[in-house]
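To start, the structure under review is shown below, and the notes come after it.
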Amino acid sequence: MITHIQGKLVEKNPTDVVIDCNGVGYLLNISLHTYSQIPNQEALKLYTHLQVREDAHTLYGFASIAERELFRLLISVSGIGANTARTMLSSLTPKQIREGIATEDVALIQSIKGIGIKTAQRVIIDLKDKILKIYDIDEVSVNKNNTSKDEALSALEVLGFAKKQAEKVVDKIVMTQPEANVEAIIKLALKNL
């Protein structure tokens with residue numbers, strides 16, 4: 001198993017990079033999250049996952065070990081292939097995915113292109129316990145925060161704001177100010193909507 005590749009960055013695209021390692025160019029498929037983490041310098045080290053199939057050997061590259069581990073957890077779920085897992089890591093940050101699974105936020109997981117409600121539910125059912133155990137997320141604080149978020153979203157919907165738009169704004173507020181109460185979340189959201 002190839003665990004990481006370190007070498008000279010030859011080519012950088014939003015979906016893949018080419019790293020020259022002692023004269024051999026390795027093509028690594030990457031997520032947009034990893035793309036944003038890659039510095040514009042020649043020396044580069046990416047952690048890898050090698051997928052072996054009958055018709056192809058495909059390398060996936062990650063900026064951190066944590067992102068690679070989350071990728072491996074995602075592909076362990078029935079119905080989630082490597083490309084779907086990469087799309088998930090491109091749409092949301094690893095932290096957002098972990099928290100979405102830990103808080104059973106089906107809507108967040110389902111907001112990713114190509115993920116339907118059944119797949120989102122399966123991801124949560126299969127991975128919630130592993131995520132809580134591996135990342136030592138405190139379930140009580142996560143649920144408290146999620147309750148404030150849900151109440152704020154409900155209030156904004158009653159006020160006539162579109163659910164998707166309100167959800168994006170509220171998610172940003174909750175990420176930047178995790179201790180904000182419902183009232184604070186609503187006030188900040190109203191300023192940004």
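Chain labels A, B, ... are given in the sequence in which chains occur in the structure tokens; within each chain residues are numbered consecutively from 1, and ligands are likewise numbered from 1 in the order shown.
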Distance query Lys12 of chain A at most 9 Å, only C-alpha atoms, self and fewer than 3 positions along chain excluded, as a ChimeraX atom specification
/A:9,15-19,35,38,40
Considering only C-alpha atoms, return as a list in words whatever protein or nucleic-acid residues lie within 7 Å of Asp20 of chain A, sequence-local ones (same chain, fewer than 5 positions apart) excluded.
Gly7, Lys8, Leu9, Val10, Gly25 and Tyr26 of chain A
Fewer than 4 positions away in the same chain doesn't count, so skip those; otherwise give me all residues within 8 Å of Leu32 of chain A, counting only C-alpha atoms, as a PyMOL selection string.
chain A and resi 14-15+36+89-91
Using DSSP on the backbone coordinates, identify the residues of segment 2-182 of chain A assigned to strand (DSSP E or B); present them as a ChimeraX atom specification.
/A:4-12,16-21,24-29,43-52,57-62
With N, CA and C atoms retained, write the just-selected residues as an mmCIF file, in the first residue's frame.
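Output (out_11.cif):
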data_model
loop_
_atom_site.group_PDB
_atom_site.id
_atom_site.type_symbol
_atom_site.label_atom_id
_atom_site.label_comp_id
_atom_site.auth_asym_id
_atom_site.auth_seq_id
_atom_site.Cartn_x
_atom_site.Cartn_y
_atom_site.Cartn_z
ATOM 1 N N HIS A 4 1.952 7.547 1.346
ATOM 2 C CA HIS A 4 2.092 8.957 0.986
ATOM 3 C C HIS A 4 3.060 9.095 -0.186
ATOM 4 N N ILE A 5 2.974 10.228 -0.853
ATOM 5 C CA ILE A 5 3.898 10.521 -1.949
ATOM 6 C C ILE A 5 4.455 11.914 -1.705
ATOM 7 N N GLN A 6 5.783 11.999 -1.761
ATOM 8 C CA GLN A 6 6.459 13.269 -1.552
ATOM 9 C C GLN A 6 7.359 13.526 -2.747
ATOM 10 N N GLY A 7 7.240 14.708 -3.303
ATOM 11 C CA GLY A 7 8.061 15.023 -4.461
ATOM 12 C C GLY A 7 7.797 16.418 -4.965
ATOM 13 N N LYS A 8 8.076 16.609 -6.240
ATOM 14 C CA LYS A 8 7.948 17.926 -6.861
ATOM 15 C C LYS A 8 6.583 18.046 -7.529
ATOM 16 N N LEU A 9 5.868 19.103 -7.212
ATOM 17 C CA LEU A 9 4.559 19.351 -7.818
ATOM 18 C C LEU A 9 4.772 19.782 -9.265
ATOM 19 N N VAL A 10 4.243 18.979 -10.196
ATOM 20 C CA VAL A 10 4.416 19.260 -11.617
ATOM 21 C C VAL A 10 3.175 19.937 -12.180
ATOM 22 N N GLU A 11 2.009 19.463 -11.771
ATOM 23 C CA GLU A 11 0.749 19.973 -12.306
ATOM 24 C C GLU A 11 -0.283 20.016 -11.183
ATOM 25 N N LYS A 12 -1.078 21.106 -11.141
ATOM 26 C CA LYS A 12 -2.089 21.248 -10.091
ATOM 27 C C LYS A 12 -3.410 21.672 -10.725
ATOM 28 N N ASP A 16 -7.162 17.047 -9.628
ATOM 29 C CA ASP A 16 -6.007 16.148 -9.548
ATOM 30 C C ASP A 16 -4.696 16.920 -9.558
ATOM 31 N N VAL A 17 -3.644 16.236 -9.106
ATOM 32 C CA VAL A 17 -2.289 16.796 -9.164
ATOM 33 C C VAL A 17 -1.347 15.727 -9.715
ATOM 34 N N VAL A 18 -0.229 16.189 -10.260
ATOM 35 C CA VAL A 18 0.817 15.272 -10.683
ATOM 36 C C VAL A 18 2.049 15.610 -9.848
ATOM 37 N N ILE A 19 2.580 14.589 -9.164
ATOM 38 C CA ILE A 19 3.775 14.765 -8.350
ATOM 39 C C ILE A 19 4.897 13.928 -8.957
ATOM 40 N N ASP A 20 6.019 14.583 -9.235
ATOM 41 C CA ASP A 20 7.197 13.889 -9.758
ATOM 42 C C ASP A 20 8.017 13.403 -8.578
ATOM 43 N N CYS A 21 8.162 12.098 -8.494
ATOM 44 C CA CYS A 21 8.910 11.489 -7.396
ATOM 45 C C CYS A 21 10.043 10.658 -8.012
ATOM 46 N N VAL A 24 9.402 9.687 -11.684
ATOM 47 C CA VAL A 24 8.123 9.040 -11.996
ATOM 48 C C VAL A 24 7.003 10.005 -11.624
ATOM 49 N N GLY A 25 6.106 10.300 -12.573
ATOM 50 C CA GLY A 25 4.993 11.215 -12.315
ATOM 51 C C GLY A 25 3.777 10.445 -11.832
ATOM 52 N N TYR A 26 3.317 10.762 -10.633
ATOM 53 C CA TYR A 26 2.131 10.111 -10.067
ATOM 54 C C TYR A 26 0.932 11.041 -10.186
ATOM 55 N N LEU A 27 -0.162 10.533 -10.763
ATOM 56 C CA LEU A 27 -1.414 11.290 -10.846
ATOM 57 C C LEU A 27 -2.243 10.934 -9.628
ATOM 58 N N LEU A 28 -2.582 11.932 -8.825
ATOM 59 C CA LEU A 28 -3.409 11.718 -7.632
ATOM 60 C C LEU A 28 -4.710 12.488 -7.784
ATOM 61 N N ASN A 29 -5.827 11.807 -7.628
ATOM 62 C CA ASN A 29 -7.130 12.466 -7.617
ATOM 63 C C ASN A 29 -7.292 13.120 -6.254
ATOM 64 N N ALA A 43 7.911 21.579 -3.555
ATOM 65 C CA ALA A 43 7.946 20.380 -2.699
ATOM 66 C C ALA A 43 6.545 20.135 -2.115
ATOM 67 N N LEU A 44 6.072 18.909 -2.277
ATOM 68 C CA LEU A 44 4.720 18.591 -1.814
ATOM 69 C C LEU A 44 4.665 17.165 -1.279
ATOM 70 N N LYS A 45 3.901 16.992 -0.200
ATOM 71 C CA LYS A 45 3.675 15.655 0.354
ATOM 72 C C LYS A 45 2.175 15.485 0.535
ATOM 73 N N LEU A 46 1.633 14.443 -0.076
ATOM 74 C CA LEU A 46 0.212 14.131 0.082
ATOM 75 C C LEU A 46 0.070 12.708 0.616
ATOM 76 N N TYR A 47 -0.885 12.537 1.520
ATOM 77 C CA TYR A 47 -1.203 11.201 2.034
ATOM 78 C C TYR A 47 -2.122 10.553 1.021
ATOM 79 N N THR A 48 -1.956 9.255 0.798
ATOM 80 C CA THR A 48 -2.670 8.626 -0.305
ATOM 81 C C THR A 48 -3.515 7.431 0.109
ATOM 82 N N HIS A 49 -4.459 7.143 -0.761
ATOM 83 C CA HIS A 49 -5.253 5.916 -0.667
ATOM 84 C C HIS A 49 -5.211 5.305 -2.062
ATOM 85 N N LEU A 50 -4.805 4.054 -2.152
ATOM 86 C CA LEU A 50 -4.720 3.364 -3.435
ATOM 87 C C LEU A 50 -5.935 2.457 -3.587
ATOM 88 N N GLN A 51 -6.709 2.714 -4.633
ATOM 89 C CA GLN A 51 -7.872 1.872 -4.913
ATOM 90 C C GLN A 51 -7.516 0.948 -6.076
ATOM 91 N N VAL A 52 -7.617 -0.351 -5.813
ATOM 92 C CA VAL A 52 -7.283 -1.336 -6.841
ATOM 93 C C VAL A 52 -8.570 -1.997 -7.326
ATOM 94 N N HIS A 57 -5.860 1.043 -11.275
ATOM 95 C CA HIS A 57 -5.260 1.319 -9.975
ATOM 96 C C HIS A 57 -5.300 2.849 -9.848
ATOM 97 N N THR A 58 -6.076 3.365 -8.911
ATOM 98 C CA THR A 58 -6.279 4.800 -8.795
ATOM 99 C C THR A 58 -5.767 5.309 -7.462
ATOM 100 N N LEU A 59 -4.967 6.377 -7.516
ATOM 101 C CA LEU A 59 -4.446 7.002 -6.297
ATOM 102 C C LEU A 59 -5.282 8.230 -5.957
ATOM 103 N N TYR A 60 -5.643 8.347 -4.687
ATOM 104 C CA TYR A 60 -6.338 9.522 -4.183
ATOM 105 C C TYR A 60 -5.401 10.209 -3.188
ATOM 106 N N GLY A 61 -5.266 11.520 -3.300
ATOM 107 C CA GLY A 61 -4.353 12.266 -2.435
ATOM 108 C C GLY A 61 -5.100 13.169 -1.472
ATOM 109 N N PHE A 62 -4.536 13.329 -0.269
ATOM 110 C CA PHE A 62 -5.167 14.135 0.784
ATOM 111 C C PHE A 62 -4.125 14.992 1.491
#
Quick one, how far is atom CA of His33 of chain A from atom CA of Leu193 of chain A?
26.0 Å
Which residues come within 9 Å of Val77 of chain A, counting only C-alpha atoms, excluding same-chain residues fewer than 5 positions away, as a PyMOL selection string?
chain A and resi 119+122-123+126-127
